[in-house]
Amino acid sequence: MNLFTKAAGLGLQTEFIDGHGHRHVTDEAALKIILDALPIEAPHRFLNQPVVIRSGQSSRTQLPQAAEAPVRWKVLAGVKVIAEGQTADGVIVWPGDLPLGSYRLHMTDAASLTDEAPLIVAPARAFGGDFDRCWLLAVQLYGVRSARNWGIGDFTDLEGLIKLAADLGADGVGLNPLHALFDDRPGDCSPYSPNSRLFLNALYIDVEKLDGAPAGSGEAIAKLRAGDLVDYAAVAALKWQALRAAFEKFRTGAKDADRQDFEKFRAERGPLLSRFACFEVLRHTFNTAWWEWPESWRQPDDATCARLREGPDAADIGFVEFVQWIADRQLLACQTLARKLGMKVGLYLDVAVGVQAGGFDAWNEQAAISRYLSVGAPPDPLNTAGQNWGLAGFNAAGLKIKSFEPYREMLRASMRYAGAIRLDHVLGLKRLYLVPHGFAADNGAYAQMPFEALLAATAQESVAHRCVVIGEDLGTVPDGFREQMADWGIWSYLVMMFERDERGLFYGVDHYRANALVTFNTHDLSTYAGWRSFADLKLKRSLGIDPGESDDARWHALFMLSELLRQNGIDGHDLYAVVGLLARTKSRLLTISLEDLLGVIDQPNIPGTVDEHPNWRRRLPRAIDEIAPAIDIAALKAATQGRTHANS
């Protein structure tokens with residue numbers, strides 16, 4: 001069997017047309033690495049796909065003719081049989097009362113051949129939200145200024161943002177990913193390139209709330225507060241020192257209530273937290289990638305971790321767990337405040353599309369996450385060379401082997417305190433573009449994913465947590481993708497900058513669908529002030545980057561926007577005019593970025609740059625208590641009329 005035949009059998013698409021209309025065929029050397037990196041799944045005799053049953057809907061599964069009738073089947077929850085039966089005609093008609101959950105389907109035919117497959121019983125749709133139409137304030141938390149933080153926004157600042165948002169009429173605050181990064185790599189600060197999507201970034205902790213931590217005074221902290229960019233190295237040095245001091249105080253003199261709550265948190269997060277803490281200690285001990293560690297530590301093992309925490313590293317393991325407890329409880333306080341203020345959404349959190357290969361998630365889930373492969377995108381008009389995001393993503397075979405539990409764990413961690421989440425590059429639930437390490441971004445292959453099973457798992461967690469799920473569905477979208485996503489109750493992500501026809505005309509308000517989040521731009525695009533002033537085009541050209549747009553095209557876009565506003569009876573073309581237009585759409589969620597409200601020109605991130613631009617470092621020009629006076633609140637409330645929070 002040649003490589004391409006084998007790839008086709010595993011659901012890999014090695015030939016495709018890119019965004020320019022050019023045909024691509026994956027190089028054989030690249031394809032061999034991709035194939036070698038995917039886990040070997042046991043061959044299936046009867047079913048090679050998970051079974052998905054939607055609650056309230058009649059469901060049946062056709063077995064292939066290879067199964068010799070009759071076929072006996074059992075639905076197993078661990079070792080417990082929750083349903084069983086047999087079929088003489090190869091069609092299994094599923095009981096209508098199967099409880100929601102994730103199971104294993106075991107089948108045996110008349111020739112005593114057996115097979116197993118994951119079986120998911122899911123709600124008919126994801127949680128749809130218990131609100132009509134509202135708006136959210138979008139913020140990059142790290143960039144928030146205040147008189148008390150240590151040069152980076154923190155969870156106490158987030159409480160201030162929640163109060164500000166409620167006063168402005170918003171029903172929540174949207175944030176960049178809060179995932180755990182690497183504490184010893186301060187320059188590696190992209191929130192979309194995490195160590196783990198299962199735990200929180202400790203730098204967002206307000207250390208001054210902790211017993212035993214030093215007060216935020218002195219020249220070093222004053223300098224950090226005054227800076228225009230987040231100095232991650234300096235912030236990390238001070239915060240980790242303060243967290244260590246707080247942990248020592250906790251070890252020697254914690255209140256009983258705090259100690260009980262800490263133990264409750266450890267029980268809530270279970271073995272995952274223990275493994276994460278051990279991983280962090282081991283990573284610092286060996287100071288190299290986990291696949292270069294001593295053999296006994298290259299695979300996570302709960303028994304080995306238990307022995308580690310009984311030895312001299314016990315305090316360091318406890319420290320990692322303590323830090324995550326503090327971060328969790330401070331974020332919980334933010335959610336509690338949002339609920340107290342009557343916010344319909346509260347926290348809206350972003351979920352990165354992948355993780356760093358050297359991080360905890362990749363070590364913890366070596367079957368479900370492929371460390372040798374990077375997720376990316378083939379060439380398109382905006383990225384002519386293609387994209388390699390340097391992130392390891394889930395793979396289909398590993399997820400099926402694990403009954404999709406790694407994906408669910410990621411969702412649970414993100415939904416824990418959120419009223420809505422956004423899945424970055426949701427197209428990856430259907431197919432992922434994989435690039436082997438060492439190859440250019442235009443030399444990858446598409447891997448098909450078990451789309452329906454992933455949608456079902458998403459619906460399960462969404463309903464369980466009462467959390468709306470928004471899929472970032474930008475770019476080249478396969479036929480029928482958005483329709484299937486909508487059928488499962490996953491919302492679309494509509495960016496006005498991209499919602500234009502082939503002539504460059506902006507679509508009118510009737511174009512936008514109801515179950516969607518609508519926004520003018522994203523963190524990877526120009527701010528409104530930057531867009532109107534051509535600042536983004538000038539900056540990209542100065543960096544040697546093709547902006548993908550000429551000045552004439554931008555003038556045309558500005559004219560088209562003014563025409564659309566005029567046609568809708570909206571005077572002017574400032575930010576509030578655009579917000580007023582978007583607020584009229586049927587889309588149930590609207591986000592307005594704080595950078596836009598403050599007239600910031602520079603965008604948070606310029607894709608394709610590393611050191612050329614201060615990505616993920618730019619701080620807001622005003623502190624929290626100075627923001628409201630800088631905003632035309634009357635104009636904002638007039639623009640968002642009909643979406644404004646009732647208590648504002």
# chains A, B, ... in the order shown; residues from 1 in each chain; ligands from 1

$ residues_around --residues "A:Thr87" --least-positions-apart "3" --cutoff "9 Å" --atoms "only C-alpha atoms" --output "MDAnalysis selection string"
chainID A and resid 69:73 90:93

$ residues_around --residues "stretch 106-114 of chain A" --least-positions-apart "4" --cutoff "12 Å" --atoms "only C-alpha atoms" --output "PyMOL selection string"
chain A and resi 42-47+50-51+63-90+92+118-119

$ residues_around --residues "A:Gln460" --least-positions-apart "5" --cutoff "7 Å" --atoms "only C-alpha atoms" --output "ChimeraX atom specification"
/A:122-123,126

$ write_last_selection --atoms "C-alpha atoms" --output "PDB file, in the first residue's frame"
ATOM      1  CA  ALA A 122     -26.365  14.225  23.378  1.00  0.00           C
ATOM      2  CA  PRO A 123     -28.962  16.946  23.796  1.00  0.00           C
ATOM      3  CA  ALA A 126     -26.300  23.173  22.493  1.00  0.00           C
TER       4      ALA A 126
END

$ closest_residue --among "A:Arg23, A:Arg431, A:Lys223, A:Arg298" --to "A:Ala377" --atoms "only C-alpha atoms"
A:Arg431

$ closest_residue --among "A:Pro379, A:Pro99, A:Gly599, A:Gly393" --to "A:Ile120" --atoms "only C-alpha atoms"
A:Pro99

$ select_by_dssp --residues "stretch 278-503 of chain A" --states "strand (DSSP E or B)" --output "PyMOL selection string"
chain A and resi 346-351+355+369+373-377+387-392+394+420-423+431-436+445-448+468-471+491-495+500

$ write_last_selection --atoms "C-alpha atoms" --output "PDB file, in the first residue's frame"
ATOM      1  CA  GLY A 346     -21.165  37.432  32.277  1.00  0.00           C
ATOM      2  CA  LEU A 347     -17.817  36.140  31.072  1.00  0.00           C
ATOM      3  CA  TYR A 348     -17.265  35.353  27.376  1.00  0.00           C
ATOM      4  CA  LEU A 349     -13.975  33.463  27.028  1.00  0.00           C
ATOM      5  CA  ASP A 350     -11.840  32.539  24.039  1.00  0.00           C
ATOM      6  CA  VAL A 351     -10.491  28.995  23.581  1.00  0.00           C
ATOM      7  CA  VAL A 355      -1.376  23.968  22.514  1.00  0.00           C
ATOM      8  CA  ILE A 369      -2.664  15.328  20.652  1.00  0.00           C
ATOM      9  CA  LEU A 373       2.362  18.128  13.722  1.00  0.00           C
ATOM     10  CA  SER A 374       1.319  21.768  13.706  1.00  0.00           C
ATOM     11  CA  VAL A 375      -2.134  23.116  12.968  1.00  0.00           C
ATOM     12  CA  GLY A 376      -2.331  25.795  10.288  1.00  0.00           C
ATOM     13  CA  ALA A 377      -4.029  26.831   7.072  1.00  0.00           C
ATOM     14  CA  GLN A 387      -0.029  29.557   7.924  1.00  0.00           C
ATOM     15  CA  ASN A 388       1.752  27.365  10.439  1.00  0.00           C
ATOM     16  CA  TRP A 389       0.543  28.272  13.922  1.00  0.00           C
ATOM     17  CA  GLY A 390       3.114  26.107  15.691  1.00  0.00           C
ATOM     18  CA  LEU A 391       0.378  24.487  17.772  1.00  0.00           C
ATOM     19  CA  ALA A 392      -0.401  20.837  18.376  1.00  0.00           C
ATOM     20  CA  PHE A 394      -6.317  16.961  18.612  1.00  0.00           C
ATOM     21  CA  ALA A 420     -20.305  31.961  26.473  1.00  0.00           C
ATOM     22  CA  ILE A 421     -17.122  30.690  24.866  1.00  0.00           C
ATOM     23  CA  ARG A 422     -15.659  31.111  21.398  1.00  0.00           C
ATOM     24  CA  LEU A 423     -13.887  28.163  19.801  1.00  0.00           C
ATOM     25  CA  ARG A 431     -10.983  19.018   9.363  1.00  0.00           C
ATOM     26  CA  LEU A 432      -7.560  20.164  10.505  1.00  0.00           C
ATOM     27  CA  TYR A 433      -4.793  21.317   8.199  1.00  0.00           C
ATOM     28  CA  LEU A 434      -1.663  19.596   9.540  1.00  0.00           C
ATOM     29  CA  VAL A 435       1.899  20.667   8.769  1.00  0.00           C
ATOM     30  CA  PRO A 436       4.795  18.416   9.874  1.00  0.00           C
ATOM     31  CA  ALA A 445      -2.610  17.801   4.473  1.00  0.00           C
ATOM     32  CA  TYR A 446      -6.184  17.986   5.684  1.00  0.00           C
ATOM     33  CA  ALA A 447      -7.181  15.436   8.322  1.00  0.00           C
ATOM     34  CA  GLN A 448     -10.884  14.690   8.569  1.00  0.00           C
ATOM     35  CA  VAL A 468     -23.414  29.420  24.658  1.00  0.00           C
ATOM     36  CA  VAL A 469     -20.801  28.204  22.150  1.00  0.00           C
ATOM     37  CA  ILE A 470     -19.659  30.444  19.300  1.00  0.00           C
ATOM     38  CA  GLY A 471     -17.569  28.963  16.512  1.00  0.00           C
ATOM     39  CA  TRP A 491     -23.379  30.033  16.814  1.00  0.00           C
ATOM     40  CA  SER A 492     -21.484  31.733  13.999  1.00  0.00           C
ATOM     41  CA  TYR A 493     -18.913  34.525  14.338  1.00  0.00           C
ATOM     42  CA  LEU A 494     -19.622  37.400  11.952  1.00  0.00           C
ATOM     43  CA  VAL A 495     -16.960  40.076  11.451  1.00  0.00           C
ATOM     44  CA  ARG A 500     -18.924  42.099   2.015  1.00  0.00           C
TER      45      ARG A 500
END

$ closest_residue --among "A:Asn605, A:Ile40, A:Leu474, A:Phe506" --to "A:Glu563" --atoms "only C-alpha atoms"
A:Phe506

$ atom_distance --atom1 "atom CA of A:Ile490" --atom2 "atom CA of A:Thr519"
17.0 Å

$ residues_around --residues "A:Asn615" --least-positions-apart "5" --cutoff "9 Å" --atoms "only C-alpha atoms" --output "ChimeraX atom specification"
/A:189-190,603-607,609-610

$ closest_residue --among "A:Gly169, A:Pro39, A:Pro194, A:Pro95" --to "A:Ala638" --atoms "only C-alpha atoms"
A:Gly169

$ closest_residue --among "A:Trp240, A:Phe250, A:Tyr192, A:Phe520" --to "A:Phe498" --atoms "only C-alpha atoms"
A:Phe520

$ select_by_dssp --residues "stretch 221-405 of chain A" --states "helix (DSSP H, G or I)" --output "PyMOL selection string"
chain A and resi 221-226+232-253+256-286+290-292+295-297+302-308+314-340+360-364+396-401+405

$ write_last_selection --atoms "C-alpha atoms" --output "JSON list (two decimals), in the first residue's frame"
[["chain", "number", "residue", "atom", "x", "y", "z"],
["A", 221, "ILE", "CA", 6.21, 48.23, 40.39],
["A", 222, "ALA", "CA", 5.72, 51.95, 39.74],
["A", 223, "LYS", "CA", 7.77, 51.55, 36.55],
["A", 224, "LEU", "CA", 5.68, 48.56, 35.45],
["A", 225, "ARG", "CA", 2.46, 50.49, 36.05],
["A", 226, "ALA", "CA", 3.69, 53.42, 33.98],
["A", 232, "TYR", "CA", 6.19, 40.07, 31.16],
["A", 233, "ALA", "CA", 9.64, 39.12, 32.47],
["A", 234, "ALA", "CA", 9.60, 41.78, 35.19],
["A", 235, "VAL", "CA", 5.95, 41.17, 36.07],
["A", 236, "ALA", "CA", 6.52, 37.42, 36.31],
["A", 237, "ALA", "CA", 9.58, 37.81, 38.53],
["A", 238, "LEU", "CA", 7.68, 39.95, 41.03],
["A", 239, "LYS", "CA", 4.44, 37.99, 40.96],
["A", 240, "TRP", "CA", 6.00, 34.54, 41.35],
["A", 241, "GLN", "CA", 8.04, 35.83, 44.28],
["A", 242, "ALA", "CA", 4.86, 37.19, 45.88],
["A", 243, "LEU", "CA", 2.97, 33.96, 45.22],
["A", 244, "ARG", "CA", 5.76, 31.97, 46.89],
["A", 245, "ALA", "CA", 5.54, 34.20, 49.95],
["A", 246, "ALA", "CA", 1.75, 33.78, 50.07],
["A", 247, "PHE", "CA", 2.10, 30.01, 49.79],
["A", 248, "GLU", "CA", 4.53, 29.85, 52.70],
["A", 249, "LYS", "CA", 2.08, 31.86, 54.79],
["A", 250, "PHE", "CA", -0.71, 29.48, 53.74],
["A", 251, "ARG", "CA", 1.33, 26.39, 54.65],
["A", 252, "THR", "CA", 2.10, 27.62, 58.13],
["A", 253, "GLY", "CA", -1.01, 29.56, 59.09],
["A", 256, "ASP", "CA", -9.48, 26.35, 58.43],
["A", 257, "ALA", "CA", -12.03, 27.64, 55.92],
["A", 258, "ASP", "CA", -9.29, 28.38, 53.37],
["A", 259, "ARG", "CA", -7.64, 25.02, 53.87],
["A", 260, "GLN", "CA", -11.00, 23.26, 53.42],
["A", 261, "ASP", "CA", -11.71, 25.24, 50.26],
["A", 262, "PHE", "CA", -8.27, 24.35, 48.89],
["A", 263, "GLU", "CA", -8.95, 20.66, 49.48],
["A", 264, "LYS", "CA", -12.36, 21.05, 47.87],
["A", 265, "PHE", "CA", -10.70, 22.56, 44.79],
["A", 266, "ARG", "CA", -8.16, 19.74, 44.63],
["A", 267, "ALA", "CA", -11.01, 17.23, 44.73],
["A", 268, "GLU", "CA", -12.93, 19.15, 42.05],
["A", 269, "ARG", "CA", -10.03, 19.11, 39.60],
["A", 270, "GLY", "CA", -8.93, 15.60, 40.57],
["A", 271, "PRO", "CA", -6.01, 13.78, 38.92],
["A", 272, "LEU", "CA", -5.71, 16.44, 36.20],
["A", 273, "LEU", "CA", -4.57, 19.03, 38.74],
["A", 274, "SER", "CA", -2.15, 16.59, 40.35],
["A", 275, "ARG", "CA", -0.64, 15.72, 36.96],
["A", 276, "PHE", "CA", -0.36, 19.39, 35.98],
["A", 277, "ALA", "CA", 1.44, 20.20, 39.22],
["A", 278, "CYS", "CA", 3.83, 17.27, 38.77],
["A", 279, "PHE", "CA", 4.44, 18.26, 35.15],
["A", 280, "GLU", "CA", 5.37, 21.80, 36.14],
["A", 281, "VAL", "CA", 7.80, 20.57, 38.78],
["A", 282, "LEU", "CA", 9.36, 18.04, 36.39],
["A", 283, "ARG", "CA", 9.64, 20.63, 33.63],
["A", 284, "HIS", "CA", 11.65, 22.90, 35.90],
["A", 285, "THR", "CA", 13.69, 20.00, 37.24],
["A", 286, "PHE", "CA", 14.82, 18.63, 33.87],
["A", 290, "TRP", "CA", 9.23, 16.32, 28.12],
["A", 291, "TRP", "CA", 10.10, 13.78, 25.41],
["A", 292, "GLU", "CA", 13.74, 14.15, 26.49],
["A", 295, "GLU", "CA", 11.92, 7.30, 30.38],
["A", 296, "SER", "CA", 9.87, 6.85, 33.56],
["A", 297, "TRP", "CA", 8.46, 10.39, 33.26],
["A", 302, "ASP", "CA", -0.93, 8.79, 38.54],
["A", 303, "ALA", "CA", 0.87, 6.25, 40.72],
["A", 304, "THR", "CA", 4.27, 7.74, 39.86],
["A", 305, "CYS", "CA", 2.92, 11.23, 40.47],
["A", 306, "ALA", "CA", 1.62, 10.11, 43.87],
["A", 307, "ARG", "CA", 5.12, 8.92, 44.81],
["A", 308, "LEU", "CA", 6.62, 12.21, 43.60],
["A", 314, "ALA", "CA", 5.95, 17.80, 47.68],
["A", 315, "ALA", "CA", 6.02, 21.50, 48.59],
["A", 316, "ASP", "CA", 6.65, 22.58, 44.99],
["A", 317, "ILE", "CA", 3.77, 20.42, 43.78],
["A", 318, "GLY", "CA", 1.54, 21.93, 46.44],
["A", 319, "PHE", "CA", 2.61, 25.39, 45.34],
["A", 320, "VAL", "CA", 1.43, 24.81, 41.75],
["A", 321, "GLU", "CA", -1.92, 23.56, 43.05],
["A", 322, "PHE", "CA", -2.18, 26.52, 45.42],
["A", 323, "VAL", "CA", -1.59, 28.99, 42.57],
["A", 324, "GLN", "CA", -4.28, 27.36, 40.44],
["A", 325, "TRP", "CA", -6.68, 27.42, 43.40],
["A", 326, "ILE", "CA", -6.14, 31.14, 43.89],
["A", 327, "ALA", "CA", -6.58, 31.86, 40.17],
["A", 328, "ASP", "CA", -9.73, 29.75, 40.04],
["A", 329, "ARG", "CA", -11.33, 31.40, 43.06],
["A", 330, "GLN", "CA", -10.51, 34.92, 41.85],
["A", 331, "LEU", "CA", -12.09, 34.14, 38.48],
["A", 332, "LEU", "CA", -15.08, 32.64, 40.29],
["A", 333, "ALA", "CA", -15.47, 35.94, 42.16],
["A", 334, "CYS", "CA", -15.70, 37.71, 38.79],
["A", 335, "GLN", "CA", -18.44, 35.36, 37.61],
["A", 336, "THR", "CA", -20.28, 35.81, 40.91],
["A", 337, "LEU", "CA", -20.14, 39.59, 40.53],
["A", 338, "ALA", "CA", -21.48, 39.43, 36.97],
["A", 339, "ARG", "CA", -24.40, 37.32, 38.15],
["A", 340, "LYS", "CA", -25.08, 39.67, 41.05],
["A", 360, "PHE", "CA", 1.22, 19.92, 29.77],
["A", 361, "ASP", "CA", -1.74, 19.06, 27.54],
["A", 362, "ALA", "CA", 0.49, 17.44, 24.90],
["A", 363, "TRP", "CA", 2.31, 15.40, 27.58],
["A", 364, "ASN", "CA", -0.94, 14.46, 29.31],
["A", 396, "ALA", "CA", -9.38, 11.88, 15.30],
["A", 397, "ALA", "CA", -8.02, 8.43, 16.18],
["A", 398, "GLY", "CA", -6.79, 9.48, 19.62],
["A", 399, "LEU", "CA", -10.06, 11.20, 20.47],
["A", 400, "LYS", "CA", -12.07, 8.11, 19.50],
["A", 401, "ILE", "CA", -9.76, 5.86, 21.55],
["A", 405, "GLU", "CA", -12.81, 12.85, 27.01]]

$ closest_residue --among "A:Ser196, A:Thr458, A:Thr26, A:Thr61" --to "A:Leu429" --atoms "only C-alpha atoms"
A:Thr458

$ atom_distance --atom1 "atom CA of A:Arg371" --atom2 "atom CA of A:Leu175"
27.3 Å

$ residues_around --residues "stretch 537-544 of chain A" --least-positions-apart "6" --cutoff "10 Å" --atoms "only C-alpha atoms" --output "JSON, numbers by chain"
{"A": [526, 530, 531, 550, 551, 554, 602, 606, 609, 612, 613]}

$ residues_around --residues "A:Ala583" --least-positions-apart "3" --cutoff "9 Å" --atoms "only C-alpha atoms" --output "PyMOL selection string"
chain A and resi 133-135+509+518+578-580+586-587+589-590+639-643

$ residues_around --residues "A:Met410" --least-positions-apart "4" --cutoff "9 Å" --atoms "only C-alpha atoms" --output "list in words"
Arg197, Leu198, Val351, Glu405, Pro406, Ser414 and Met415 of chain A
